[in-house]
Amino acid sequence: MMNNVTNEFRGRPEPEATAAPTRPRHGRPIAMVVLSCAVFLVPSLAALPRKPVVLPGAAVSATPRAAASTASAPAAAGAAASAPVATTTDLGQWCARLAPAVPGVDASGCRASGLQPGAGRSVHGVPLWANDVLPAAGAPKFKVLLLGGIHGDELASVSLVFDWIARSKGVKASAMPHPSKTARPTIADVAWRFVPLLNPDGLLHSPSTRVNAHGVDLNRNFPTADWARDAQPYWIRHTKKDPRRFPGPQALSEPESRWLLAQIDQFHPDLIVSVHAPYGLLDFDGPPPAPRRLGSLQLDPVGVYPGSLGNYGGLVKNVPVMTLELKNARAVPPRELAAMWNDLQRWLNEQMTNPGTQASAQRSPVPGTKAVNAGRRVD
Ligand SMILES: [Zn+2]
């Protein structure tokens with residue numbers, strides 16, 4: 001729980017992006033066998049487009065949809081002057097592109113976020129922007145990775161992250177220096193890594209889509225222990241091949257999920273907060289006692305899915321994953337944003353000062369005991 005931040009997000013080479021140009025998508029024989037089996041079992045997989053990995057910064061793509069949503073396409077050339085290209089690495093241009101698409105995000109607040117483009121890219125080459133807000137002094141006592149926009153049509157999750165970036169900077173600015181080394185850690189000792197939008201291609205598509213540009217649900221694409229056995233059968237039997245919940249041809253088939261995995265391995269968060277909508281509940285996967293509520297969201301453990309981030313973080317990496325299911329996918333009332341933030345601060349304070357002994361909390365299931373959710377539809 002006392003990991004040190006060894007390097008910040010900005011400027012760090014990103015393994016996936018540097019490896020992409022030379023690595024074939026399914027180059028190894030065993031991968032071919034697995035893919036062939038998957039195509040056999042899932043006929044519709046054969047119809048999925050096989051696109052080349054897009055190089056960082058590249059605005060080219062192989063699908064009509066990509067051409068329609070990329071300003072570099074001839075048909076969109078006339079709009080390029082007024083609508084910044086989404087692949088820009090200039091924060092001002094990115095904010096001018098993003099703000100009109102997300103209620104609650106204004107361009108000036110977006111520019112003040114301090115987001116960095118890093119090296120991670122979406123399928124269409126859009127930067128996966130992120131920013132670290134670190135303690136003003138000393139090593140962090142707790143590290144939180146906050147993730148929005150894993151589903152591109154859940155706009156409220158993106159605006160929440162921008163709102164909380166501003167709040168975390170307020171905490172940092174008002175933090176008082178420790179009177180002594182033995183002072184209790186406070187919320188000012190938390191290091192944050194903010195990722196407001198993991199699925200920019202889905203959000204910027206018109207209309208916005210849950211899935212990424214390959215048609216993959218990123219929240220079913222993580223390499224959970226049950227992925228190879230259960231992900232495809234679950235999609236076929238329980239979702240009736242719902243295209244909004246396609247887990248991908250294989251775990252980590254998508255550049256966005258590979259990049260997020262690298263963030264987890266590099267940042268070593270003590271907590272991952274993943275924001276979704278619109279089911280209006282709080283879920284928690286992992287060992288420590290979960291908060292009973294965050295704002296108006298009540299704790300309601302719903303189980304895990306093959307390939308979901310809660311499954312991967314909570315059960316594979318042993319990093320607790322707090323999933324916020326906001327009540328409305330388009331916007332969050334400002335009062336609710338503040339209430340959730342304040343409740344999270346209280347919970348973090350308890351974890352830092354008295355880990356694992358929160359008397360009022362409900363204990364979440366022991367890792368490995370959760371069953372695959374087969375009932376309610378949640379993210
Ligand atoms: Zn979602």
# chains A, B, ... in the order shown; residues from 1 in each chain; ligands from 1
>>> closest_atom_pairs(of="chain A", to="ligand 1", cutoff="6 Å", atoms="only C-alpha atoms and all ligand atoms", output="CSV")
residue,atom,partner,partner_atom_place_in_ligand_line,distance
A:His151,CA,ligand 1,1 (Zn),4.8
A:His276,CA,ligand 1,1 (Zn),4.1
A:Ala277,CA,ligand 1,1 (Zn),5.5
A:Asp379,CA,ligand 1,1 (Zn),4.6
>>> closest_atom_pairs(of="stretch 151-170 of chain A", to="stretch 192-199 of chain A", cutoff="7 Å", atoms="only C-alpha atoms", output="Markdown table")
| residue | atom | partner | partner_atom | distance |
| --- | --- | --- | --- | --- |
| A:His151 | CA | A:Asn199 | CA | 6.2 |
| A:Gly152 | CA | A:Asn199 | CA | 5.4 |
| A:Val158 | CA | A:Pro196 | CA | 5.1 |
| A:Val161 | CA | A:Pro196 | CA | 5.2 |
| A:Phe162 | CA | A:Pro196 | CA | 6.6 |
>>> write_last_selection(atoms="N, CA and C atoms", output="PDB file, in the first residue's frame")
ATOM      1  N   HIS A 151     -16.447   3.212 -21.712  1.00  0.00           N
ATOM      2  CA  HIS A 151     -17.534   3.076 -22.672  1.00  0.00           C
ATOM      3  C   HIS A 151     -17.819   4.462 -23.248  1.00  0.00           C
ATOM      4  N   GLY A 152     -17.728   4.567 -24.576  1.00  0.00           N
ATOM      5  CA  GLY A 152     -17.734   5.877 -25.208  1.00  0.00           C
ATOM      6  C   GLY A 152     -19.054   6.622 -25.136  1.00  0.00           C
ATOM      7  N   VAL A 158     -16.878  10.918 -18.128  1.00  0.00           N
ATOM      8  CA  VAL A 158     -15.767  11.775 -18.562  1.00  0.00           C
ATOM      9  C   VAL A 158     -15.799  13.102 -17.806  1.00  0.00           C
ATOM     10  N   VAL A 161     -14.478  12.868 -14.252  1.00  0.00           N
ATOM     11  CA  VAL A 161     -13.015  12.853 -14.086  1.00  0.00           C
ATOM     12  C   VAL A 161     -12.451  14.270 -14.182  1.00  0.00           C
ATOM     13  N   PHE A 162     -12.933  15.051 -15.141  1.00  0.00           N
ATOM     14  CA  PHE A 162     -12.454  16.440 -15.225  1.00  0.00           C
ATOM     15  C   PHE A 162     -12.785  17.216 -13.948  1.00  0.00           C
TER      16      PHE A 162
END
>>> closest_residue(among="A:Leu299, A:Asp153, A:Gly314, A:Val171", to="A:Ser206", atoms="only C-alpha atoms")
A:Asp153
>>> closest_residue(among="A:Trp347, A:Phe142, A:Trp94, A:Trp235", to="A:Asp189", atoms="only C-alpha atoms")
A:Phe142
>>> atom_distance(atom1="atom CA of A:Glu154", atom2="atom CA of A:Pro247")
17.9 Å
>>> atom_distance(atom1="atom CA of A:Lys241", atom2="atom CA of A:Tyr312")
22.0 Å
>>> residues_around(residues="A:Ser122", least_positions_apart="3", cutoff="8 Å", atoms="only C-alpha atoms", output="list in words")
Gly125, Val126, Pro127, Leu128, Asn199, Pro200, Asp201, Pro255 and Glu256 of chain A
>>> write_last_selection(atoms="C-alpha atoms", output="PDB file, in the first residue's frame")
ATOM      1  CA  GLY A 125      -4.714   7.240 -33.323  1.00  0.00           C
ATOM      2  CA  VAL A 126      -6.334   9.542 -30.748  1.00  0.00           C
ATOM      3  CA  PRO A 127      -4.059  10.129 -27.723  1.00  0.00           C
ATOM      4  CA  LEU A 128      -5.147   8.495 -24.477  1.00  0.00           C
ATOM      5  CA  ASN A 199     -12.399   5.114 -25.479  1.00  0.00           C
ATOM      6  CA  PRO A 200     -12.161   8.370 -27.477  1.00  0.00           C
ATOM      7  CA  ASP A 201     -13.107   6.701 -30.770  1.00  0.00           C
ATOM      8  CA  PRO A 255      -4.722  -0.862 -28.013  1.00  0.00           C
ATOM      9  CA  GLU A 256      -6.820   0.934 -25.385  1.00  0.00           C
TER      10      GLU A 256
END
>>> closest_residue(among="A:Pro233, A:His124, A:Ala137, A:Asn131", to="A:Arg111", atoms="only C-alpha atoms")
A:Asn131
>>> atom_distance(atom1="atom CA of A:Asp90", atom2="atom CA of A:Arg258")
23.3 Å
>>> select_by_dssp(residues="stretch 91-268 of chain A", states="alpha helix (DSSP H)", output="number ranges by chain")
A: 91-98, 107-111, 155-174, 200-204, 232-237, 255-267
>>> closest_residue(among="A:Ser174, A:Asn318, A:Asn221, A:Asn311", to="A:Leu271", atoms="only C-alpha atoms")
A:Asn318
>>> closest_residue(among="A:Ala251, A:Ala339, A:Val85, A:Leu282", to="A:Ala225", atoms="only C-alpha atoms")
A:Ala251
>>> closest_residue(among="A:Phe222, A:Trp341, A:Tyr234, A:Phe267", to="A:Gly310", atoms="only C-alpha atoms")
A:Phe222
>>> select_by_dssp(residues="stretch 111-253 of chain A", states="strand (DSSP E or B)", output="number ranges by chain")
A: 116, 121, 127, 130-133, 142-147, 190-195
>>> write_last_selection(atoms="N, CA and C atoms", output="PDB file, in the first residue's frame")
ATOM      1  N   GLN A 116      -1.799  15.229 -20.344  1.00  0.00           N
ATOM      2  CA  GLN A 116      -0.674  15.014 -21.256  1.00  0.00           C
ATOM      3  C   GLN A 116      -1.055  13.932 -22.267  1.00  0.00           C
ATOM      4  N   ARG A 121      -2.332   5.376 -27.776  1.00  0.00           N
ATOM      5  CA  ARG A 121      -3.245   5.815 -28.825  1.00  0.00           C
ATOM      6  C   ARG A 121      -4.414   4.841 -28.939  1.00  0.00           C
ATOM      7  N   PRO A 127      -4.812  10.313 -28.973  1.00  0.00           N
ATOM      8  CA  PRO A 127      -4.059  10.129 -27.723  1.00  0.00           C
ATOM      9  C   PRO A 127      -4.971   9.727 -26.561  1.00  0.00           C
ATOM     10  N   ALA A 130      -3.770  11.608 -20.146  1.00  0.00           N
ATOM     11  CA  ALA A 130      -3.736  11.286 -18.718  1.00  0.00           C
ATOM     12  C   ALA A 130      -2.946  12.362 -17.993  1.00  0.00           C
ATOM     13  N   ASN A 131      -3.118  12.384 -16.690  1.00  0.00           N
ATOM     14  CA  ASN A 131      -2.366  13.345 -15.888  1.00  0.00           C
ATOM     15  C   ASN A 131      -2.213  12.828 -14.469  1.00  0.00           C
ATOM     16  N   ASP A 132      -1.043  13.070 -13.909  1.00  0.00           N
ATOM     17  CA  ASP A 132      -0.799  12.736 -12.508  1.00  0.00           C
ATOM     18  C   ASP A 132      -0.894  13.995 -11.658  1.00  0.00           C
ATOM     19  N   VAL A 133      -1.603  13.884 -10.556  1.00  0.00           N
ATOM     20  CA  VAL A 133      -1.581  14.938  -9.539  1.00  0.00           C
ATOM     21  C   VAL A 133      -0.961  14.309  -8.297  1.00  0.00           C
ATOM     22  N   PHE A 142      -0.795   6.750  -0.807  1.00  0.00           N
ATOM     23  CA  PHE A 142      -1.861   5.959  -1.416  1.00  0.00           C
ATOM     24  C   PHE A 142      -1.989   6.444  -2.851  1.00  0.00           C
ATOM     25  N   LYS A 143      -2.219   5.507  -3.753  1.00  0.00           N
ATOM     26  CA  LYS A 143      -2.285   5.900  -5.165  1.00  0.00           C
ATOM     27  C   LYS A 143      -3.604   5.434  -5.782  1.00  0.00           C
ATOM     28  N   VAL A 144      -4.246   6.344  -6.480  1.00  0.00           N
ATOM     29  CA  VAL A 144      -5.557   6.072  -7.065  1.00  0.00           C
ATOM     30  C   VAL A 144      -5.506   6.311  -8.577  1.00  0.00           C
ATOM     31  N   LEU A 145      -5.940   5.330  -9.318  1.00  0.00           N
ATOM     32  CA  LEU A 145      -6.108   5.472 -10.771  1.00  0.00           C
ATOM     33  C   LEU A 145      -7.593   5.675 -11.046  1.00  0.00           C
ATOM     34  N   LEU A 146      -7.952   6.839 -11.564  1.00  0.00           N
ATOM     35  CA  LEU A 146      -9.360   7.162 -11.841  1.00  0.00           C
ATOM     36  C   LEU A 146      -9.590   7.118 -13.346  1.00  0.00           C
ATOM     37  N   LEU A 147     -10.556   6.336 -13.748  1.00  0.00           N
ATOM     38  CA  LEU A 147     -10.749   6.025 -15.158  1.00  0.00           C
ATOM     39  C   LEU A 147     -12.177   6.351 -15.595  1.00  0.00           C
ATOM     40  N   VAL A 190      -2.263  11.618  -1.201  1.00  0.00           N
ATOM     41  CA  VAL A 190      -2.692  10.689  -2.256  1.00  0.00           C
ATOM     42  C   VAL A 190      -2.113  11.137  -3.605  1.00  0.00           C
ATOM     43  N   ALA A 191      -1.602  10.185  -4.343  1.00  0.00           N
ATOM     44  CA  ALA A 191      -1.209  10.439  -5.738  1.00  0.00           C
ATOM     45  C   ALA A 191      -2.325   9.945  -6.644  1.00  0.00           C
ATOM     46  N   TRP A 192      -2.684  10.789  -7.605  1.00  0.00           N
ATOM     47  CA  TRP A 192      -3.765  10.458  -8.531  1.00  0.00           C
ATOM     48  C   TRP A 192      -3.221  10.309  -9.941  1.00  0.00           C
ATOM     49  N   ARG A 193      -3.699   9.319 -10.645  1.00  0.00           N
ATOM     50  CA  ARG A 193      -3.527   9.286 -12.101  1.00  0.00           C
ATOM     51  C   ARG A 193      -4.918   9.335 -12.714  1.00  0.00           C
ATOM     52  N   PHE A 194      -5.161  10.381 -13.478  1.00  0.00           N
ATOM     53  CA  PHE A 194      -6.473  10.607 -14.075  1.00  0.00           C
ATOM     54  C   PHE A 194      -6.464  10.236 -15.555  1.00  0.00           C
ATOM     55  N   VAL A 195      -7.404   9.415 -15.942  1.00  0.00           N
ATOM     56  CA  VAL A 195      -7.602   9.066 -17.355  1.00  0.00           C
ATOM     57  C   VAL A 195      -9.068   9.350 -17.666  1.00  0.00           C
TER      58      VAL A 195
END
>>> decode(residues="stretch 93-114 of chain A", atoms="N, CA and C atoms", output="CSV table (one decimal), in the first residue's frame")
chain,number,residue,atom,x,y,z
A,93,GLN,N,-6.2,22.2,-28.6
A,93,GLN,CA,-7.0,21.7,-29.7
A,93,GLN,C,-7.8,20.5,-29.3
A,94,TRP,N,-7.2,19.7,-28.5
A,94,TRP,CA,-8.0,18.5,-28.0
A,94,TRP,C,-9.2,19.0,-27.2
A,95,CYS,N,-9.0,19.9,-26.3
A,95,CYS,CA,-10.2,20.4,-25.5
A,95,CYS,C,-11.2,21.1,-26.4
A,96,ALA,N,-10.8,21.8,-27.5
A,96,ALA,CA,-11.8,22.4,-28.4
A,96,ALA,C,-12.6,21.3,-29.1
A,97,ARG,N,-11.9,20.1,-29.3
A,97,ARG,CA,-12.6,19.0,-30.0
A,97,ARG,C,-13.5,18.3,-29.0
A,98,LEU,N,-13.1,18.2,-27.8
A,98,LEU,CA,-13.8,17.3,-26.8
A,98,LEU,C,-15.0,18.1,-26.1
A,99,ALA,N,-14.8,19.3,-25.7
A,99,ALA,CA,-15.7,20.0,-24.9
A,99,ALA,C,-17.1,20.1,-25.5
A,100,PRO,N,-17.3,20.3,-26.8
A,100,PRO,CA,-18.6,20.4,-27.4
A,100,PRO,C,-19.3,19.0,-27.3
A,101,ALA,N,-18.6,18.0,-27.2
A,101,ALA,CA,-19.2,16.6,-27.2
A,101,ALA,C,-19.6,16.1,-25.9
A,102,VAL,N,-19.1,16.8,-24.8
A,102,VAL,CA,-19.4,16.2,-23.4
A,102,VAL,C,-20.0,17.3,-22.6
A,103,PRO,N,-21.3,17.1,-22.2
A,103,PRO,CA,-21.9,18.1,-21.3
A,103,PRO,C,-21.1,18.1,-20.0
A,104,GLY,N,-20.9,19.3,-19.5
A,104,GLY,CA,-20.2,19.5,-18.2
A,104,GLY,C,-18.7,19.7,-18.4
A,105,VAL,N,-18.2,19.5,-19.6
A,105,VAL,CA,-16.8,19.8,-19.8
A,105,VAL,C,-16.7,21.1,-20.7
A,106,ASP,N,-16.1,22.1,-20.1
A,106,ASP,CA,-15.8,23.3,-20.9
A,106,ASP,C,-14.4,23.4,-21.3
A,107,ALA,N,-14.1,24.1,-22.4
A,107,ALA,CA,-12.8,24.1,-23.0
A,107,ALA,C,-11.7,24.6,-22.0
A,108,SER,N,-12.1,25.7,-21.3
A,108,SER,CA,-11.1,26.3,-20.4
A,108,SER,C,-10.8,25.3,-19.2
A,109,GLY,N,-11.8,24.7,-18.7
A,109,GLY,CA,-11.5,23.8,-17.6
A,109,GLY,C,-10.7,22.6,-18.1
A,110,CYS,N,-11.0,22.1,-19.3
A,110,CYS,CA,-10.3,21.0,-19.9
A,110,CYS,C,-8.8,21.4,-20.1
A,111,ARG,N,-8.5,22.6,-20.6
A,111,ARG,CA,-7.1,23.1,-20.7
A,111,ARG,C,-6.4,23.2,-19.4
A,112,ALA,N,-7.2,23.6,-18.3
A,112,ALA,CA,-6.6,23.7,-17.0
A,112,ALA,C,-6.3,22.3,-16.3
A,113,SER,N,-6.8,21.3,-17.0
A,113,SER,CA,-6.6,19.9,-16.4
A,113,SER,C,-5.1,19.5,-16.3
A,114,GLY,N,-4.3,20.0,-17.3
A,114,GLY,CA,-2.9,19.6,-17.3
A,114,GLY,C,-2.7,18.2,-18.0
